[in-house]
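For reference, work.pdb is printed below; it contains PDB, C-alpha atoms, pLDDT in the B column.
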```pdb
MODEL        1
ATOM      1  CA  MET A   1      61.029  26.405 -35.645  1.00 40.00           C
ATOM      2  CA  ARG A   2      57.692  25.954 -33.890  1.00 51.00           C
ATOM      3  CA  GLU A   3      56.540  22.451 -33.209  1.00 54.00           C
ATOM      4  CA  ARG A   4      53.863  21.164 -35.545  1.00 59.00           C
ATOM      5  CA  ARG A   5      50.347  21.050 -34.149  1.00 61.00           C
ATOM      6  CA  GLN A   6      49.561  17.419 -34.886  1.00 63.00           C
ATOM      7  CA  SER A   7      48.665  14.413 -32.830  1.00 60.00           C
ATOM      8  CA  ARG A   8      51.058  13.406 -30.084  1.00 66.00           C
ATOM      9  CA  ALA A   9      52.123  10.075 -31.591  1.00 70.00           C
ATOM     10  CA  PRO A  10      50.258   8.807 -34.635  1.00 85.00           C
ATOM     11  CA  VAL A  11      50.680   5.116 -33.777  1.00 92.00           C
ATOM     12  CA  ILE A  12      47.826   2.824 -34.772  1.00 93.00           C
ATOM     13  CA  LEU A  13      47.294  -0.165 -32.496  1.00 93.00           C
ATOM     14  CA  LEU A  14      45.770  -3.134 -34.242  1.00 93.00           C
ATOM     15  CA  THR A  15      44.569  -6.272 -32.518  1.00 94.00           C
ATOM     16  CA  ALA A  16      42.995  -9.354 -34.048  1.00 95.00           C
ATOM     17  CA  ASN A  17      39.679  -7.464 -33.899  1.00 92.00           C
ATOM     18  CA  GLU A  18      40.936  -4.955 -36.456  1.00 92.00           C
ATOM     19  CA  LEU A  19      43.267  -7.177 -38.469  1.00 94.00           C
ATOM     20  CA  PHE A  20      40.671  -9.856 -39.118  1.00 95.00           C
ATOM     21  CA  ALA A  21      37.552  -7.681 -39.386  1.00 92.00           C
ATOM     22  CA  PRO A  22      35.437  -9.370 -42.089  1.00 91.00           C
ATOM     23  CA  TYR A  23      33.943  -6.167 -43.508  1.00 88.00           C
ATOM     24  CA  SER A  24      34.928  -2.950 -41.763  1.00 88.00           C
ATOM     25  CA  LEU A  25      36.354  -1.798 -38.456  1.00 89.00           C
ATOM     26  CA  LEU A  26      33.150  -0.061 -37.459  1.00 90.00           C
ATOM     27  CA  ASP A  27      31.139  -3.209 -38.147  1.00 91.00           C
ATOM     28  CA  ALA A  28      33.574  -5.344 -36.137  1.00 92.00           C
ATOM     29  CA  TRP A  29      33.689  -2.833 -33.273  1.00 92.00           C
ATOM     30  CA  GLY A  30      29.882  -2.632 -33.215  1.00 91.00           C
ATOM     31  CA  LYS A  31      29.691  -6.381 -32.666  1.00 93.00           C
ATOM     32  CA  LEU A  32      32.263  -6.337 -29.838  1.00 92.00           C
ATOM     33  CA  GLY A  33      30.158  -4.153 -27.566  1.00 90.00           C
ATOM     34  CA  GLY A  34      31.336  -1.906 -24.732  1.00 92.00           C
ATOM     35  CA  LYS A  35      33.758   0.877 -25.555  1.00 91.00           C
ATOM     36  CA  HIS A  36      34.254  -0.492 -29.070  1.00 92.00           C
ATOM     37  CA  GLU A  37      30.545  -0.291 -29.791  1.00 91.00           C
ATOM     38  CA  MET A  38      30.373   3.240 -28.399  1.00 90.00           C
ATOM     39  CA  PHE A  39      33.017   4.385 -30.909  1.00 88.00           C
ATOM     40  CA  ALA A  40      31.369   2.484 -33.760  1.00 88.00           C
ATOM     41  CA  ASN A  41      27.996   4.144 -33.126  1.00 87.00           C
ATOM     42  CA  THR A  42      29.125   7.775 -32.809  1.00 83.00           C
ATOM     43  CA  GLY A  43      28.681   8.356 -36.543  1.00 78.00           C
ATOM     44  CA  MET A  44      31.622  10.755 -36.758  1.00 77.00           C
ATOM     45  CA  ILE A  45      34.354   8.134 -37.101  1.00 78.00           C
ATOM     46  CA  ARG A  46      36.313   8.047 -40.339  1.00 83.00           C
ATOM     47  CA  THR A  47      38.662   5.075 -40.207  1.00 82.00           C
ATOM     48  CA  GLU A  48      40.297   6.130 -43.488  1.00 86.00           C
ATOM     49  CA  ASN A  49      41.688   9.134 -41.583  1.00 87.00           C
ATOM     50  CA  LEU A  50      44.812   7.559 -40.112  1.00 89.00           C
ATOM     51  CA  ARG A  51      45.309  10.232 -37.442  1.00 89.00           C
ATOM     52  CA  MET A  52      41.735   9.678 -36.242  1.00 88.00           C
ATOM     53  CA  LEU A  53      42.223   5.905 -36.308  1.00 91.00           C
ATOM     54  CA  SER A  54      45.425   6.335 -34.306  1.00 92.00           C
ATOM     55  CA  ASP A  55      43.622   8.456 -31.708  1.00 90.00           C
ATOM     56  CA  LEU A  56      40.755   5.956 -31.448  1.00 91.00           C
ATOM     57  CA  THR A  57      42.936   2.882 -31.057  1.00 93.00           C
ATOM     58  CA  GLN A  58      45.059   4.639 -28.434  1.00 92.00           C
ATOM     59  CA  GLN A  59      41.894   5.496 -26.515  1.00 92.00           C
ATOM     60  CA  LEU A  60      40.601   1.922 -26.801  1.00 93.00           C
ATOM     61  CA  TYR A  61      43.732  -0.041 -25.999  1.00 94.00           C
ATOM     62  CA  LEU A  62      45.938   2.344 -23.999  1.00 93.00           C
ATOM     63  CA  SER A  63      43.151   4.254 -22.203  1.00 92.00           C
ATOM     64  CA  LEU A  64      44.629   7.582 -23.332  1.00 90.00           C
ATOM     65  CA  SER A  65      42.435  10.655 -23.353  1.00 89.00           C
ATOM     66  CA  PRO A  66      41.225  11.945 -26.727  1.00 89.00           C
ATOM     67  CA  TYR A  67      43.796  14.037 -28.564  1.00 85.00           C
ATOM     68  CA  GLY A  68      41.608  17.161 -28.353  1.00 84.00           C
ATOM     69  CA  GLU A  69      41.454  16.933 -24.554  1.00 90.00           C
ATOM     70  CA  TRP A  70      45.210  16.353 -24.322  1.00 84.00           C
ATOM     71  CA  LEU A  71      45.907  19.337 -26.574  1.00 85.00           C
ATOM     72  CA  GLN A  72      43.570  21.606 -24.602  1.00 89.00           C
ATOM     73  CA  ALA A  73      45.282  20.623 -21.329  1.00 88.00           C
ATOM     74  CA  ASN A  74      48.659  21.479 -22.888  1.00 86.00           C
ATOM     75  CA  TRP A  75      47.378  24.887 -24.014  1.00 88.00           C
ATOM     76  CA  LYS A  76      46.091  25.625 -20.514  1.00 90.00           C
ATOM     77  CA  ARG A  77      49.435  24.620 -18.962  1.00 88.00           C
ATOM     78  CA  ARG A  78      51.316  26.856 -21.389  1.00 87.00           C
ATOM     79  CA  ALA A  79      48.978  29.784 -20.749  1.00 87.00           C
ATOM     80  CA  ALA A  80      49.383  29.405 -16.992  1.00 86.00           C
ATOM     81  CA  ARG A  81      53.161  29.211 -17.378  1.00 83.00           C
ATOM     82  CA  ASN A  82      53.182  32.345 -19.560  1.00 85.00           C
ATOM     83  CA  ILE A  83      51.046  34.252 -17.043  1.00 85.00           C
ATOM     84  CA  ALA A  84      53.309  33.169 -14.189  1.00 83.00           C
ATOM     85  CA  ALA A  85      56.412  34.242 -16.154  1.00 80.00           C
ATOM     86  CA  GLY A  86      54.951  37.687 -16.521  1.00 70.00           C
TER
ENDMDL
END
```
So, in terms of structure tokens, how does the structure I just supplied come out?
Amino acid sequence: MRERRQSRAPVILLTANELFAPYSLLDAWGKLGGKHEMFANTGMIRTENLRMLSDLTQQLYLSLSPYGEWLQANWKRRAARNIAAG
């Protein structure tokens, strides 16, 4: 059975910023500034999408690369391995 093509580990990291946000996560992140504000202002964030929220919180608090970049790097490694195997 082929592995499913989904995010690496859909774990959502919540800090006091998220748990006690008075209105919404994007509003709270916008007020925090820095990396949080950058995510809040992109306009493509849907916090109701739990896989997206997982990816965002892992980027914010664990400094992981975005899931898309991680997946692309894996594809490139596999392709190189397949070429080398012949």
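Here the question is which of A:Ile83, A:Leu13, A:Leu64, A:Leu26 gets nearest to A:Met44 using only C-alpha atoms, and that residue is A:Leu26.
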Task: All residues 12 Å or closer to A:Ser65, all atoms listed in the file, same chain fewer than 5 positions away omitted, as a PyMOL selection string - done: chain A and resi 7-8+55-60+70-73
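As for atom CA of A:Ser63 and atom CA of A:Ala80, they are spaced 26.4 Å apart.
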- [ ] Let me know the residues the PyMOL selection byres ((chain A and resi 12) around 7) catches in the file above, as a ChimeraX atom specification.
- [x] /A:10-11,13-14,53-54,57
- [ ] Please indicate the distance in Å from atom CA of A:Met52 to atom CA of A:Glu69, rounded to one decimal place.
- [x]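 Pair atom CA of A:Met52 / atom CA of A:Glu69 returns 13.8 Å.
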If we count all atoms listed in the file and set the cut-off at 12 Å, which residues sit around A:Gly43, ignoring sequence neighbours fewer than 6 positions away in its own chain? Please answer as a PDB file with C-alpha atoms, in the frame of the given file.
```pdb
ATOM      1  CA  LEU A  26      33.150  -0.061 -37.459  1.00 90.00           C
ATOM      2  CA  ASP A  27      31.139  -3.209 -38.147  1.00 91.00           C
ATOM      3  CA  GLY A  30      29.882  -2.632 -33.215  1.00 91.00           C
ATOM      4  CA  GLU A  37      30.545  -0.291 -29.791  1.00 91.00           C
TER       5      GLU A  37
END
```
Open item on the list: Quick check, in Å to one decimal: how far apart do atom CA of A:Leu32 and atom CA of A:Gly68 lie?
Closed with: 25.3 Å
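Compared by their closest atoms to A:Ser24, and using all atoms listed in the file, the residues A:Leu62, A:Ala85, A:Glu48, A:Lys76 rank with A:Glu48 nearest.
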Open item on the list: I'd like to know which of A:Glu18, A:Thr47, A:Phe39, A:Gly86 is closest to A:Pro66, using only C-alpha atoms.
Closed with: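 Closest to A:Pro66, using only C-alpha atoms: A:Phe39.
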Mind giving me the axis-aligned box for stretch 67-77 of chain A with 4 Å on every side, centre plus edges in Å to one decimal, as AutoDock Vina command-line options?
```
--center_x 45.4 --center_y 19.8 --center_z -23.8 --size_x 16.0 --size_y 19.6 --size_z 17.6
```
Please export stretch 32-62 of chain A as a tab-separated table (two decimals), in the first residue's frame, restricted to N, CA, C and O atoms.
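Result saved to part-v9.tsv:
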```
chain	number	residue	atom	x	y	z
A	32	LEU	N	0.53	40.65	17.11
A	32	LEU	CA	1.81	40.22	17.68
A	32	LEU	C	3.02	40.74	16.91
A	32	LEU	O	4.09	40.91	17.46
A	33	GLY	N	2.83	40.96	15.61
A	33	GLY	CA	3.94	41.44	14.80
A	33	GLY	C	4.88	40.34	14.38
A	33	GLY	O	4.66	39.16	14.67
A	34	GLY	N	5.93	40.69	13.67
A	34	GLY	CA	6.95	39.74	13.22
A	34	GLY	C	6.40	38.66	12.31
A	34	GLY	O	5.58	38.93	11.42
A	35	LYS	N	6.87	37.44	12.53
A	35	LYS	CA	6.47	36.31	11.71
A	35	LYS	C	4.96	36.06	11.80
A	35	LYS	O	4.31	35.72	10.82
A	36	HIS	N	4.41	36.25	13.00
A	36	HIS	CA	2.97	36.06	13.19
A	36	HIS	C	2.18	37.01	12.28
A	36	HIS	O	1.24	36.61	11.62
A	37	GLU	N	2.60	38.25	12.28
A	37	GLU	CA	1.90	39.26	11.47
A	37	GLU	C	2.02	38.94	9.98
A	37	GLU	O	1.07	39.12	9.22
A	38	MET	N	3.19	38.44	9.58
A	38	MET	CA	3.39	38.09	8.18
A	38	MET	C	2.36	37.02	7.75
A	38	MET	O	1.74	37.13	6.71
A	39	PHE	N	2.18	35.99	8.58
A	39	PHE	CA	1.19	34.96	8.26
A	39	PHE	C	-0.22	35.53	8.26
A	39	PHE	O	-1.04	35.18	7.41
A	40	ALA	N	-0.52	36.39	9.22
A	40	ALA	CA	-1.87	36.94	9.33
A	40	ALA	C	-2.23	37.80	8.11
A	40	ALA	O	-3.39	37.84	7.71
A	41	ASN	N	-1.25	38.44	7.51
A	41	ASN	CA	-1.51	39.37	6.41
A	41	ASN	C	-1.40	38.75	5.02
A	41	ASN	O	-1.58	39.46	4.03
A	42	THR	N	-1.10	37.46	4.91
A	42	THR	CA	-0.96	36.87	3.58
A	42	THR	C	-2.28	36.78	2.83
A	42	THR	O	-2.29	36.75	1.62
A	43	GLY	N	-3.39	36.68	3.56
A	43	GLY	CA	-4.70	36.64	2.90
A	43	GLY	C	-5.10	35.27	2.38
A	43	GLY	O	-6.20	35.09	1.90
A	44	MET	N	-4.21	34.30	2.46
A	44	MET	CA	-4.54	32.96	1.95
A	44	MET	C	-4.67	31.96	3.09
A	44	MET	O	-4.78	30.77	2.86
A	45	ILE	N	-4.66	32.42	4.31
A	45	ILE	CA	-4.70	31.55	5.47
A	45	ILE	C	-6.15	31.22	5.82
A	45	ILE	O	-6.98	32.11	5.95
A	46	ARG	N	-6.41	29.93	5.96
A	46	ARG	CA	-7.74	29.48	6.40
A	46	ARG	C	-7.54	28.67	7.67
A	46	ARG	O	-7.19	27.50	7.61
A	47	THR	N	-7.74	29.29	8.82
A	47	THR	CA	-7.48	28.61	10.08
A	47	THR	C	-8.48	27.51	10.37
A	47	THR	O	-8.24	26.67	11.23
A	48	GLU	N	-9.60	27.46	9.65
A	48	GLU	CA	-10.54	26.35	9.84
A	48	GLU	C	-10.03	25.07	9.17
A	48	GLU	O	-10.51	23.98	9.46
A	49	ASN	N	-9.05	25.20	8.29
A	49	ASN	CA	-8.41	24.04	7.67
A	49	ASN	C	-7.33	23.57	8.64
A	49	ASN	O	-6.28	24.19	8.78
A	50	LEU	N	-7.59	22.46	9.32
A	50	LEU	CA	-6.69	22.03	10.39
A	50	LEU	C	-5.31	21.62	9.89
A	50	LEU	O	-4.32	21.81	10.59
A	51	ARG	N	-5.22	21.08	8.69
A	51	ARG	CA	-3.89	20.75	8.15
A	51	ARG	C	-3.10	22.02	7.87
A	51	ARG	O	-1.90	22.06	8.12
A	52	MET	N	-3.75	23.06	7.38
A	52	MET	CA	-3.07	24.33	7.14
A	52	MET	C	-2.66	24.96	8.48
A	52	MET	O	-1.53	25.45	8.62
A	53	LEU	N	-3.54	24.91	9.46
A	53	LEU	CA	-3.22	25.45	10.78
A	53	LEU	C	-2.04	24.70	11.40
A	53	LEU	O	-1.14	25.31	11.98
A	54	SER	N	-2.02	23.40	11.22
A	54	SER	CA	-0.90	22.59	11.71
A	54	SER	C	0.40	23.04	11.06
A	54	SER	O	1.41	23.25	11.73
A	55	ASP	N	0.39	23.18	9.74
A	55	ASP	CA	1.58	23.60	9.00
A	55	ASP	C	2.04	24.98	9.47
A	55	ASP	O	3.23	25.21	9.71
A	56	LEU	N	1.11	25.91	9.65
A	56	LEU	CA	1.47	27.26	10.07
A	56	LEU	C	2.07	27.29	11.47
A	56	LEU	O	3.09	27.94	11.70
A	57	THR	N	1.45	26.58	12.41
A	57	THR	CA	1.97	26.61	13.77
A	57	THR	C	3.31	25.91	13.87
A	57	THR	O	4.16	26.32	14.65
A	58	GLN	N	3.54	24.89	13.05
A	58	GLN	CA	4.85	24.23	13.04
A	58	GLN	C	5.91	25.16	12.46
A	58	GLN	O	7.06	25.17	12.91
A	59	GLN	N	5.52	25.96	11.46
A	59	GLN	CA	6.47	26.94	10.92
A	59	GLN	C	6.78	28.01	11.96
A	59	GLN	O	7.95	28.40	12.13
A	60	LEU	N	5.75	28.49	12.65
A	60	LEU	CA	5.94	29.56	13.63
A	60	LEU	C	6.76	29.13	14.83
A	60	LEU	O	7.68	29.83	15.25
A	61	TYR	N	6.41	28.00	15.42
A	61	TYR	CA	6.97	27.63	16.71
A	61	TYR	C	8.09	26.60	16.66
A	61	TYR	O	8.85	26.47	17.61
A	62	LEU	N	8.19	25.85	15.58
A	62	LEU	CA	9.26	24.86	15.45
A	62	LEU	C	10.26	25.21	14.35
A	62	LEU	O	11.21	24.48	14.12
```
